[in-house]
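**Q** Below: one structure in structure tokens.
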Amino acid sequence: MIIDDIGSFGRYLGLNPLFPAVEEFLRTANFDALPTGITRIQGDDLYINVQQTPPKTRQQARFESHRRMIDIQVPLEGSEEYGWTPLRDLPKGTYDEASDMAMHDPTAQDSAADLAQLYFTLHKGQFAIFFPEDGHAPAITPTGLRKVIIKVKV
């Protein structure tokens, strides 16, 4: 996992061959004009998903992970808290191949809040990169928020 300011994304370009295109998007996009939903940048290898999320507590959050894609999450307004735990420490997830998403439901006696090893908050102008080994519980916010998720093929 990486947490940083959008203006510093250039230092991570060598981590993935598609990251230069991500940096171009972050540098040139009009975030206020992005439509809600999926916009393809390079087919299924690089696309964005703009979401409007409702309010969510730590107890309501669910851990997710992805096998084929890296998530780069960027709040467009407001702040967003995340729970983070290494995938190896999460309960086995139910994986959906079509959406490339595993949901890691806690056992009956635990909530997602019990599983988080770290919480952090992103603000407008910042981003978080979640690799396949990063379990993350996103969209923890008392007010809801608008955000973009950049999906990058591993």
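If you're wondering about the labels, chains in the structure tokens are A, B, ... by order shown, residues count from 1 in each chain, ligands from 1 in order shown.
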If you count only C-alpha atoms, which residues fall within 12 Å of Ala98 of chain A, apart from same-chain ones fewer than 4 positions away, as a list in words?
**A**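 Once the nearby chain positions are removed, what remains is Asp44, His66, Arg67, Arg68, Met69 and Ala102 of chain A.
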**Q** Using only C-alpha atoms, determine which residues lie at most 9 Å from segment 58-63 of chain A, disregarding the query and same-chain residues fewer than 4 positions distant; provide the list as a ChimeraX atom specification.
**A** /A:81-85,90,93,102-106,111-116,135-141
**Q** So that each row is one residue of segment 97-137 of chain A with an atom at most 12 Å from segment 72-75 of chain A, can you give its shortest atom pair and the distance in Å to one decimal, using only C-alpha atoms, rows by chain and rising number, as a Markdown table?
**A**
```
| residue | atom | partner | partner_atom | distance |
| --- | --- | --- | --- | --- |
| A:Thr121 | CA | A:Pro75 | CA | 10.1 |
| A:Leu122 | CA | A:Pro75 | CA | 7.0 |
| A:His123 | CA | A:Pro75 | CA | 6.3 |
| A:Lys124 | CA | A:Pro75 | CA | 5.2 |
| A:Gly125 | CA | A:Pro75 | CA | 7.4 |
| A:Gln126 | CA | A:Val74 | CA | 6.2 |
| A:Phe127 | CA | A:Val74 | CA | 4.7 |
| A:Ala128 | CA | A:Gln73 | CA | 5.3 |
| A:Ile129 | CA | A:Ile72 | CA | 4.4 |
| A:Phe130 | CA | A:Ile72 | CA | 6.3 |
| A:Phe131 | CA | A:Ile72 | CA | 8.8 |
| A:Pro132 | CA | A:Ile72 | CA | 11.5 |
| A:Asp134 | CA | A:Ile72 | CA | 11.7 |
| A:His136 | CA | A:Gln73 | CA | 10.8 |
| A:Ala137 | CA | A:Gln73 | CA | 11.7 |
```
**Q** Write the residues of the selection above to a file with C-alpha atoms, as an mmCIF file, in the first residue's frame.
**A**
```
data_model
loop_
_atom_site.group_PDB
_atom_site.id
_atom_site.type_symbol
_atom_site.label_atom_id
_atom_site.label_comp_id
_atom_site.auth_asym_id
_atom_site.auth_seq_id
_atom_site.Cartn_x
_atom_site.Cartn_y
_atom_site.Cartn_z
ATOM 1 C CA THR A 121 -7.816 8.940 6.288
ATOM 2 C CA LEU A 122 -7.405 10.305 2.763
ATOM 3 C CA HIS A 123 -8.357 13.868 1.915
ATOM 4 C CA LYS A 124 -9.001 15.572 -1.401
ATOM 5 C CA GLY A 125 -5.668 15.830 -3.249
ATOM 6 C CA GLN A 126 -4.351 12.522 -1.909
ATOM 7 C CA PHE A 127 -4.422 8.912 -3.140
ATOM 8 C CA ALA A 128 -3.923 5.379 -1.870
ATOM 9 C CA ILE A 129 -2.610 2.490 -3.969
ATOM 10 C CA PHE A 130 -3.819 -0.962 -2.952
ATOM 11 C CA PHE A 131 -1.963 -3.912 -4.469
ATOM 12 C CA PRO A 132 -3.415 -7.452 -4.599
ATOM 13 C CA ASP A 134 -3.611 -5.305 0.453
ATOM 14 C CA HIS A 136 -8.857 -2.742 2.352
ATOM 15 C CA ALA A 137 -12.153 -1.611 3.857
#
```
**Q** Would you please extract all helix (DSSP H, G or I) residues from chain A, as assigned by DSSP on the backbone, and give them as a ChimeraX atom specification?
**A** /A:6-15,19-28,31-33,87-89,112-115
**Q** Those residues with N, CA and C atoms, as a PDB file, in the first residue's frame please?
**A**
```pdb
ATOM      1  N   ILE A   6      -1.377  13.608  -4.698  1.00  0.00           N
ATOM      2  CA  ILE A   6      -1.487  13.400  -6.144  1.00  0.00           C
ATOM      3  C   ILE A   6      -0.276  13.961  -6.879  1.00  0.00           C
ATOM      4  N   GLY A   7       0.224  15.104  -6.466  1.00  0.00           N
ATOM      5  CA  GLY A   7       1.368  15.718  -7.135  1.00  0.00           C
ATOM      6  C   GLY A   7       2.640  14.894  -7.066  1.00  0.00           C
ATOM      7  N   SER A   8       2.674  13.903  -6.193  1.00  0.00           N
ATOM      8  CA  SER A   8       3.857  13.056  -6.046  1.00  0.00           C
ATOM      9  C   SER A   8       3.731  11.721  -6.767  1.00  0.00           C
ATOM     10  N   PHE A   9       2.668  11.519  -7.531  1.00  0.00           N
ATOM     11  CA  PHE A   9       2.460  10.213  -8.161  1.00  0.00           C
ATOM     12  C   PHE A   9       3.612   9.829  -9.089  1.00  0.00           C
ATOM     13  N   GLY A  10       4.264  10.800  -9.679  1.00  0.00           N
ATOM     14  CA  GLY A  10       5.353  10.530 -10.616  1.00  0.00           C
ATOM     15  C   GLY A  10       6.484   9.692 -10.044  1.00  0.00           C
ATOM     16  N   ARG A  11       6.670   9.706  -8.754  1.00  0.00           N
ATOM     17  CA  ARG A  11       7.756   8.908  -8.169  1.00  0.00           C
ATOM     18  C   ARG A  11       7.473   7.409  -8.194  1.00  0.00           C
ATOM     19  N   TYR A  12       6.234   7.003  -8.549  1.00  0.00           N
ATOM     20  CA  TYR A  12       5.853   5.588  -8.540  1.00  0.00           C
ATOM     21  C   TYR A  12       5.708   4.999  -9.947  1.00  0.00           C
ATOM     22  N   LEU A  13       6.114   5.749 -10.969  1.00  0.00           N
ATOM     23  CA  LEU A  13       5.886   5.326 -12.355  1.00  0.00           C
ATOM     24  C   LEU A  13       6.528   3.984 -12.684  1.00  0.00           C
ATOM     25  N   GLY A  14       7.631   3.636 -12.078  1.00  0.00           N
ATOM     26  CA  GLY A  14       8.318   2.389 -12.377  1.00  0.00           C
ATOM     27  C   GLY A  14       7.665   1.154 -11.782  1.00  0.00           C
ATOM     28  N   LEU A  15       6.633   1.311 -10.969  1.00  0.00           N
ATOM     29  CA  LEU A  15       6.011   0.163 -10.322  1.00  0.00           C
ATOM     30  C   LEU A  15       5.092  -0.641 -11.233  1.00  0.00           C
ATOM     31  N   PHE A  19       1.346   2.894 -15.065  1.00  0.00           N
ATOM     32  CA  PHE A  19       1.344   4.046 -14.169  1.00  0.00           C
ATOM     33  C   PHE A  19       1.638   5.376 -14.868  1.00  0.00           C
ATOM     34  N   PRO A  20       2.437   5.433 -15.955  1.00  0.00           N
ATOM     35  CA  PRO A  20       2.567   6.720 -16.645  1.00  0.00           C
ATOM     36  C   PRO A  20       1.229   7.240 -17.182  1.00  0.00           C
ATOM     37  N   ALA A  21       0.372   6.339 -17.654  1.00  0.00           N
ATOM     38  CA  ALA A  21      -0.954   6.763 -18.127  1.00  0.00           C
ATOM     39  C   ALA A  21      -1.820   7.223 -16.954  1.00  0.00           C
ATOM     40  N   VAL A  22      -1.660   6.596 -15.795  1.00  0.00           N
ATOM     41  CA  VAL A  22      -2.375   7.040 -14.597  1.00  0.00           C
ATOM     42  C   VAL A  22      -1.913   8.438 -14.221  1.00  0.00           C
ATOM     43  N   GLU A  23      -0.608   8.662 -14.244  1.00  0.00           N
ATOM     44  CA  GLU A  23      -0.069   9.984 -13.902  1.00  0.00           C
ATOM     45  C   GLU A  23      -0.604  11.048 -14.851  1.00  0.00           C
ATOM     46  N   GLU A  24      -0.687  10.720 -16.137  1.00  0.00           N
ATOM     47  CA  GLU A  24      -1.250  11.653 -17.122  1.00  0.00           C
ATOM     48  C   GLU A  24      -2.705  11.970 -16.784  1.00  0.00           C
ATOM     49  N   PHE A  25      -3.473  10.945 -16.453  1.00  0.00           N
ATOM     50  CA  PHE A  25      -4.872  11.157 -16.068  1.00  0.00           C
ATOM     51  C   PHE A  25      -4.965  12.061 -14.841  1.00  0.00           C
ATOM     52  N   LEU A  26      -4.193  11.768 -13.807  1.00  0.00           N
ATOM     53  CA  LEU A  26      -4.244  12.565 -12.577  1.00  0.00           C
ATOM     54  C   LEU A  26      -3.835  14.014 -12.819  1.00  0.00           C
ATOM     55  N   ARG A  27      -2.919  14.212 -13.749  1.00  0.00           N
ATOM     56  CA  ARG A  27      -2.412  15.565 -14.036  1.00  0.00           C
ATOM     57  C   ARG A  27      -3.390  16.371 -14.879  1.00  0.00           C
ATOM     58  N   THR A  28      -4.166  15.707 -15.754  1.00  0.00           N
ATOM     59  CA  THR A  28      -4.960  16.438 -16.731  1.00  0.00           C
ATOM     60  C   THR A  28      -6.475  16.343 -16.544  1.00  0.00           C
ATOM     61  N   PHE A  31     -11.570  16.750 -12.529  1.00  0.00           N
ATOM     62  CA  PHE A  31     -12.248  15.875 -11.580  1.00  0.00           C
ATOM     63  C   PHE A  31     -13.699  16.283 -11.347  1.00  0.00           C
ATOM     64  N   ASP A  32     -13.994  17.583 -11.431  1.00  0.00           N
ATOM     65  CA  ASP A  32     -15.367  18.035 -11.215  1.00  0.00           C
ATOM     66  C   ASP A  32     -16.302  17.596 -12.335  1.00  0.00           C
ATOM     67  N   ALA A  33     -15.754  17.333 -13.501  1.00  0.00           N
ATOM     68  CA  ALA A  33     -16.583  16.973 -14.653  1.00  0.00           C
ATOM     69  C   ALA A  33     -16.661  15.468 -14.913  1.00  0.00           C
ATOM     70  N   LEU A  87      -3.599  -9.140   3.126  1.00  0.00           N
ATOM     71  CA  LEU A  87      -4.486 -10.205   2.674  1.00  0.00           C
ATOM     72  C   LEU A  87      -4.251 -11.497   3.455  1.00  0.00           C
ATOM     73  N   ARG A  88      -3.004 -11.810   3.746  1.00  0.00           N
ATOM     74  CA  ARG A  88      -2.683 -13.065   4.439  1.00  0.00           C
ATOM     75  C   ARG A  88      -3.318 -13.150   5.823  1.00  0.00           C
ATOM     76  N   ASP A  89      -3.700 -12.023   6.414  1.00  0.00           N
ATOM     77  CA  ASP A  89      -4.276 -12.004   7.749  1.00  0.00           C
ATOM     78  C   ASP A  89      -5.799 -11.890   7.758  1.00  0.00           C
ATOM     79  N   ALA A 112     -15.567  -6.092  10.732  1.00  0.00           N
ATOM     80  CA  ALA A 112     -14.428  -5.592   9.960  1.00  0.00           C
ATOM     81  C   ALA A 112     -13.555  -4.687  10.832  1.00  0.00           C
ATOM     82  N   ALA A 113     -14.175  -3.973  11.754  1.00  0.00           N
ATOM     83  CA  ALA A 113     -13.412  -3.091  12.639  1.00  0.00           C
ATOM     84  C   ALA A 113     -12.446  -3.896  13.509  1.00  0.00           C
ATOM     85  N   ASP A 114     -12.801  -5.151  13.827  1.00  0.00           N
ATOM     86  CA  ASP A 114     -11.905  -5.994  14.626  1.00  0.00           C
ATOM     87  C   ASP A 114     -10.734  -6.507  13.797  1.00  0.00           C
ATOM     88  N   LEU A 115     -10.867  -6.551  12.476  1.00  0.00           N
ATOM     89  CA  LEU A 115      -9.837  -7.109  11.608  1.00  0.00           C
ATOM     90  C   LEU A 115      -8.801  -6.085  11.160  1.00  0.00           C
TER      91      LEU A 115
END
```
**Q** So, with only C-alpha atoms as the atoms that count, which of A:Asn16, A:Gln52, A:Gln42, A:Thr57 lies closest to Leu76 of chain A?
**A**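 Checking each of A:Asn16, A:Gln52, A:Gln42, A:Thr57 against Leu76 of chain A, counting only C-alpha atoms, the winner is A:Gln52.
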**Q** May I ask which of the residues A:Pro86, A:Pro55, A:Gly43, A:Pro35 is the closest one to Met1 of chain A, counting only C-alpha atoms?
**A**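 Selected residue with least distance to Met1 of chain A: A:Pro86.
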**Q** Need to verify the contact set: Ile48 of chain A, 10 Å, only C-alpha atoms, exclusion of same-chain residues closer than 4 positions in sequence. Can you return it as a ChimeraX atom specification?
**A** /A:22,25,34,36-42,71-73,148-152
**Q** Neighbours of Leu145 of chain A within 7 Å (only C-alpha atoms; same-chain residues fewer than 5 positions away dropped), as number ranges by chain?
**A** A: 52-54, 77-78
**Q** Can you spit out the residues from that selection as a PDB file, in the first residue's frame, using N, CA and C atoms?
**A**
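What landed in again.pdb:
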```pdb
ATOM      1  N   GLN A  52     -20.303   7.640  -5.936  1.00  0.00           N
ATOM      2  CA  GLN A  52     -20.844   8.457  -4.852  1.00  0.00           C
ATOM      3  C   GLN A  52     -21.192   7.469  -3.744  1.00  0.00           C
ATOM      4  N   THR A  53     -20.471   7.509  -2.637  1.00  0.00           N
ATOM      5  CA  THR A  53     -20.679   6.524  -1.585  1.00  0.00           C
ATOM      6  C   THR A  53     -21.542   7.098  -0.467  1.00  0.00           C
ATOM      7  N   PRO A  54     -22.384   6.267   0.126  1.00  0.00           N
ATOM      8  CA  PRO A  54     -23.183   6.724   1.267  1.00  0.00           C
ATOM      9  C   PRO A  54     -22.350   6.705   2.541  1.00  0.00           C
ATOM     10  N   GLU A  77     -14.101  14.728  -3.134  1.00  0.00           N
ATOM     11  CA  GLU A  77     -14.624  15.725  -2.189  1.00  0.00           C
ATOM     12  C   GLU A  77     -14.743  15.035  -0.836  1.00  0.00           C
ATOM     13  N   GLY A  78     -14.546  15.771   0.198  1.00  0.00           N
ATOM     14  CA  GLY A  78     -14.620  15.184   1.528  1.00  0.00           C
ATOM     15  C   GLY A  78     -13.411  14.336   1.850  1.00  0.00           C
TER      16      GLY A  78
END
```
**Q** Tell me, in Å to one decimal, how far atom CA of Glu133 of chain A is from atom CA of Glu64 of chain A.
**A** 10.5 Å
**Q** Using DSSP secondary structure from the backbone, list all strand (DSSP E) positions within chain A, as a ChimeraX atom specification.
**A** /A:2-5,37-42,46-53,63-65,69-75,79-86,94-96,101-104,118-123,126-130,134-140,145-153
**Q** Put those residues in a file: C-alpha atoms, as a compact mmCIF listing (two decimals), in the first residue's frame.
**A**
```txt
# COMPACT_ATOMS: atom_id res chain seq x y z
CA ILE A 2 1.11 3.53 -0.77
CA ILE A 3 -0.41 6.78 0.53
CA ASP A 4 0.69 10.11 -0.92
CA ASP A 5 -0.34 13.42 -2.50
CA GLY A 37 -19.63 5.19 -13.39
CA ILE A 38 -16.92 3.51 -15.44
CA THR A 39 -14.80 5.30 -18.06
CA ARG A 40 -12.28 3.21 -20.00
CA ILE A 41 -8.82 4.72 -20.53
CA GLN A 42 -7.07 1.64 -22.00
CA LEU A 46 -6.85 0.74 -17.19
CA TYR A 47 -10.16 2.38 -16.35
CA ILE A 48 -11.77 4.60 -13.76
CA ASN A 49 -14.88 4.15 -11.69
CA VAL A 50 -16.38 7.31 -10.21
CA GLN A 51 -18.62 6.56 -7.23
CA GLN A 52 -20.84 8.46 -4.85
CA THR A 53 -20.68 6.52 -1.58
CA PHE A 63 -12.76 -5.86 3.56
CA GLU A 64 -12.10 -6.44 -0.12
CA SER A 65 -9.14 -7.44 -2.25
CA MET A 69 -6.12 -5.21 -10.64
CA ILE A 70 -4.47 -2.54 -8.51
CA ASP A 71 -6.85 -0.02 -6.91
CA ILE A 72 -5.81 3.62 -6.80
CA GLN A 73 -8.42 5.45 -4.74
CA VAL A 74 -8.78 9.22 -4.81
CA PRO A 75 -11.41 11.19 -2.86
CA SER A 79 -12.46 12.71 3.38
CA GLU A 80 -12.47 8.93 3.42
CA GLU A 81 -11.21 6.58 6.08
CA TYR A 82 -9.89 3.12 5.21
CA GLY A 83 -9.16 0.01 7.17
CA TRP A 84 -6.11 -1.95 6.00
CA THR A 85 -4.90 -5.47 6.74
CA PRO A 86 -2.55 -7.68 4.72
CA THR A 94 -15.58 -15.10 -1.62
CA TYR A 95 -14.02 -14.23 -4.99
CA ASP A 96 -16.05 -13.06 -7.99
CA MET A 101 -13.33 -8.75 -6.15
CA ALA A 102 -13.01 -10.89 -3.05
CA MET A 103 -15.11 -9.90 -0.07
CA HIS A 104 -13.53 -11.01 3.21
CA LEU A 118 -4.43 0.10 10.53
CA TYR A 119 -6.85 2.95 9.86
CA PHE A 120 -5.96 6.03 7.87
CA THR A 121 -7.82 8.94 6.29
CA LEU A 122 -7.41 10.30 2.76
CA HIS A 123 -8.36 13.87 1.91
CA GLN A 126 -4.35 12.52 -1.91
CA PHE A 127 -4.42 8.91 -3.14
CA ALA A 128 -3.92 5.38 -1.87
CA ILE A 129 -2.61 2.49 -3.97
CA PHE A 130 -3.82 -0.96 -2.95
CA ASP A 134 -3.61 -5.30 0.45
CA GLY A 135 -6.96 -6.00 2.05
CA HIS A 136 -8.86 -2.74 2.35
CA ALA A 137 -12.15 -1.61 3.86
CA PRO A 138 -12.98 1.60 1.95
CA ALA A 139 -15.57 4.36 2.12
CA ILE A 140 -15.72 4.86 5.88
CA LEU A 145 -18.32 11.20 -0.53
CA ARG A 146 -17.56 11.30 -4.24
CA LYS A 147 -14.41 9.43 -5.26
CA VAL A 148 -12.62 7.92 -8.22
CA ILE A 149 -11.15 4.43 -8.22
CA ILE A 150 -8.50 3.91 -10.87
CA LYS A 151 -8.25 0.23 -11.81
CA VAL A 152 -4.83 -0.84 -13.17
CA LYS A 153 -4.00 -4.31 -14.48
```
